[in-house]
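Heads up, the thing below is written out as structure tokens.
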Amino acid sequence: MDLPAADNLAYQRACFERAQPSGHTPKLYRTLPCDDALPRGALLVEAIEGRPAQLPDDLPAIARALAALHRLPLPADNRRAPLVSPVDPWHAMLAEVRGQARYLRDASLAPQSRRCIDAALAALPDSLPAATTDAARCLISFDAHPGNFLIEPGGRAVLVDLEKCRYGLPGFDLAHLSLYTSTSWDVQSRAVLFREDIEALYDRWRLLMGDAASPHDWPTLIACRRAMWLWSVTWCAKWRANRSRSADRSHQGEDWSSSLSERTLIAHVQDRVDHYLSLPILERVTRELNELSHGE
């Protein structure tokens, strides 16, 4: 989130507090402040006893979890801070994607890969008609990839990573759950979904949302899917461009230095980033998006 340590800790606490009424996130017990022993502070949260998600079998359970989050009442404007709550979530997403796209130049991309990404960026719509209405906005995870869910023995899906919540468009969560760049990221939940799996997920979510799904027609959901994919791809470019930087010893803001992570994690991220920025995978996701855009 590129926030100073204390502000980042307050943001994460707010994420847990706002999402807890959904019944599909860990309980927050206590916040430990930032100090010399814990430069970024810490949250004490409920331990979730569960297994990694298995796709596509667990998609119905995860759809229930997301719908429960998305159905939470939207707070008044003056009660949404510190969570991000843009007036126009679509334009805010475009700004994030274009901001990260500045790193494409320094990401050592193959020329064909760069042209494919540039074409996809140029094809994003400038606006979504319903994006600025309160009916279209809700609390979203913005990090709903399958690896962030645990499935309890009773079948409840629990979203355990909540540091990026915001008030925005739920189509971003559905995309992050089911895009190839998400389902093939985590080692323990890795899967490749068919088009039928994706369409079934969206249909189930719309059914669970009831009338609240009305602002999110199929073109809007697929536009959000395109944007979320480009957010992920440009994130990969940003990671590749910044990973060699020195660590920030003051523990302020975002820090992408590889020196802060174990070698096995760095190797995993490097493998996934290289994979997602390769031309065959870029073309694969582009084809899927084009097929889905004509699906309903």
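Please note that chains go A, B, ... in the order of the structure tokens, that every chain numbers its residues from 1, and that ligands are numbered from 1 in the order shown.
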Counting only C-alpha atoms, which residues in segment 3-49 of chain A sit no more than 10 Å from segment 131-151 of chain A? For each one, give the nearest pair of atoms and the distance in Å, sorted by chain then residue number, as a Markdown table.
```
| residue | atom | partner | partner_atom | distance |
| --- | --- | --- | --- | --- |
| A:Cys15 | CA | A:Ser141 | CA | 8.6 |
| A:Arg18 | CA | A:Leu139 | CA | 8.1 |
| A:Ala19 | CA | A:Leu139 | CA | 7.7 |
| A:His24 | CA | A:Phe149 | CA | 9.5 |
| A:Thr25 | CA | A:Phe149 | CA | 9.2 |
| A:Ile48 | CA | A:Leu150 | CA | 7.4 |
| A:Glu49 | CA | A:Leu150 | CA | 7.8 |
```
Show me, as JSON, numbers by chain, the residues that have an atom within 8 Å of Thr181 of chain A when counting only C-alpha atoms, minus same-chain residues fewer than 2 positions from it. {"A": [179, 183, 184, 185, 229, 232, 276]}
Print the selection's residues with C-alpha atoms to a file, as a short mmCIF file (atom, residue, chain, number, x, y, z; two decimals), in the first residue's frame.
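Done, and the output landed in selection11.cif:
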```cif
data_model
loop_
_atom_site.label_atom_id
_atom_site.label_comp_id
_atom_site.auth_asym_id
_atom_site.auth_seq_id
_atom_site.Cartn_x
_atom_site.Cartn_y
_atom_site.Cartn_z
CA LEU A 179 -7.58 -15.49 -13.75
CA THR A 183 -4.96 -19.81 -10.17
CA SER A 184 -1.44 -20.82 -11.23
CA TRP A 185 0.37 -18.64 -8.65
CA TRP A 229 -5.25 -9.09 -15.46
CA SER A 232 -1.31 -8.36 -12.34
CA TYR A 276 3.15 -14.52 -16.96
#
```
Å distance separating atom CA of Tyr103 of chain A from atom CA of Ala241 of chain A, one decimal place: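 These two atoms are separated by 6.4 Å.
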Looking at A:Arg156, A:Ala61, A:Cys34, A:Arg71, which one is nearest to Asp211 of chain A, with distances taken over only C-alpha atoms?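 The answer is A:Arg71, which sits nearest to Asp211 of chain A.
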Would you please extract all strand (DSSP E or B) residues from segment 22-232 of chain A, as assigned by DSSP on the backbone, and give them as a list in words? Leu28, Tyr29, Arg30, Thr31, Leu32, Ala42, Leu43, Leu44, Val45, Arg51, Pro52, Val84, Cys138, Leu139, Ile140, Phe149, Leu150, Ile151, Ala157, Val158, Leu159, Arg166, Tyr167 and Gly168 of chain A
Which residue of A:Tyr167, A:Phe172, A:Phe16, A:Tyr29 approaches Leu230 of chain A most closely, using only C-alpha atoms: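 Between A:Tyr167, A:Phe172, A:Phe16, A:Tyr29, the residue approaching Leu230 of chain A most closely is A:Phe172.
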For a test of reading the model, state the distance in Å between atom CA of Arg226 of chain A and atom CA of Leu124 of chain A, rounded to one decimal.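 Spanning atom CA of Arg226 of chain A to atom CA of Leu124 of chain A is a straight-line distance of 7.5 Å.
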Between A:Asp173, A:Gly168, A:Val45, A:Gln270, single out the one closest to Leu74 of chain A, counting only C-alpha atoms.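 Closest candidate: A:Gly168.
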Among listed residues A:Ile222, A:Val160, A:Leu289, A:Ile281, nearest Arg51 of chain A (using only C-alpha atoms):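 Checking each of A:Ile222, A:Val160, A:Leu289, A:Ile281 against Arg51 of chain A, counting only C-alpha atoms, the winner is A:Val160.
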Could you tell me which of A:Ala68, A:Leu174, A:Leu55, A:Ala47 comes closest to Arg190 of chain A if we count only C-alpha atoms?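 Under the stated criterion, the closest residue is A:Leu55.
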Which residue is closest to Leu201 of chain A? Choose from A:Ala53, A:Leu66, A:Leu38, A:Val233 and count only C-alpha atoms.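 Checking each of A:Ala53, A:Leu66, A:Leu38, A:Val233 against Leu201 of chain A, counting only C-alpha atoms, the winner is A:Leu66.
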Identify, on the basis of only C-alpha atoms, every residue whose closest approach to Val97 of chain A does not exceed 10 Å; exclude the query and any residue fewer than 3 positions from it along the same chain; express the result as JSON, numbers by chain. {"A": [91, 92, 93, 94, 100, 101, 102, 121, 227, 228, 229, 230, 231, 232, 233, 234, 235]}
From a backbone DSSP assignment, name each residue in segment 163-220 of chain A labelled helix (DSSP H, G or I), as an MDAnalysis selection string. chainID A and resid 171:178 180:183 195:213 218:220
Have a look at atom CA of Ser127 of chain A and atom CA of Pro86 of chain A and let me know their distance in Å, one decimal.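 The value is 13.9 Å.
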Set the distance at 12 Å and use only C-alpha atoms: which residues neighbour Gln12 of chain A once local chain neighbours fewer than 2 positions away are removed? I'd like the list as an MDAnalysis selection string. chainID A and resid 1 3 5:10 14:19 28 30:32 40:45 81:84 141 160:166
Spatial neighbours of Arg114 of chain A, max dist 10 Å, only C-alpha atoms, sep filter under 4 positions, as a VMD selection string: chain A and resid 104 to 105 107 to 110 118 to 120 277 to 279 282
Convert the current residue selection to file output with C-alpha atoms, as a PDB file, in the first residue's frame.
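Result file follows (selection.pdb):
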```pdb
ATOM      1  CA  LEU A 104       7.313  -2.072 -18.493  1.00  0.00           C
ATOM      2  CA  ARG A 105      10.227  -0.176 -20.006  1.00  0.00           C
ATOM      3  CA  ALA A 107      11.259  -5.030 -17.135  1.00  0.00           C
ATOM      4  CA  SER A 108      13.382  -6.538 -19.960  1.00  0.00           C
ATOM      5  CA  LEU A 109      10.336  -7.677 -21.903  1.00  0.00           C
ATOM      6  CA  ALA A 110      10.512  -9.368 -25.271  1.00  0.00           C
ATOM      7  CA  ASP A 118       0.371  -2.297 -24.889  1.00  0.00           C
ATOM      8  CA  ALA A 119      -2.506  -3.404 -27.136  1.00  0.00           C
ATOM      9  CA  ALA A 120      -4.442  -4.715 -24.131  1.00  0.00           C
ATOM     10  CA  LEU A 277       5.164 -12.044 -19.027  1.00  0.00           C
ATOM     11  CA  SER A 278       5.939 -14.600 -21.737  1.00  0.00           C
ATOM     12  CA  LEU A 279       4.166 -14.192 -25.065  1.00  0.00           C
ATOM     13  CA  LEU A 282      -0.120 -13.299 -22.609  1.00  0.00           C
TER      14      LEU A 282
END
```
Need the shell around Arg204 of chain A: protein/DNA/RNA residues with any atom at most 12 Å away, counting only C-alpha atoms. Skip same-chain ones fewer than 4 positions apart. Format as number ranges by chain? A: 59-67, 174, 197-200, 208-210, 213
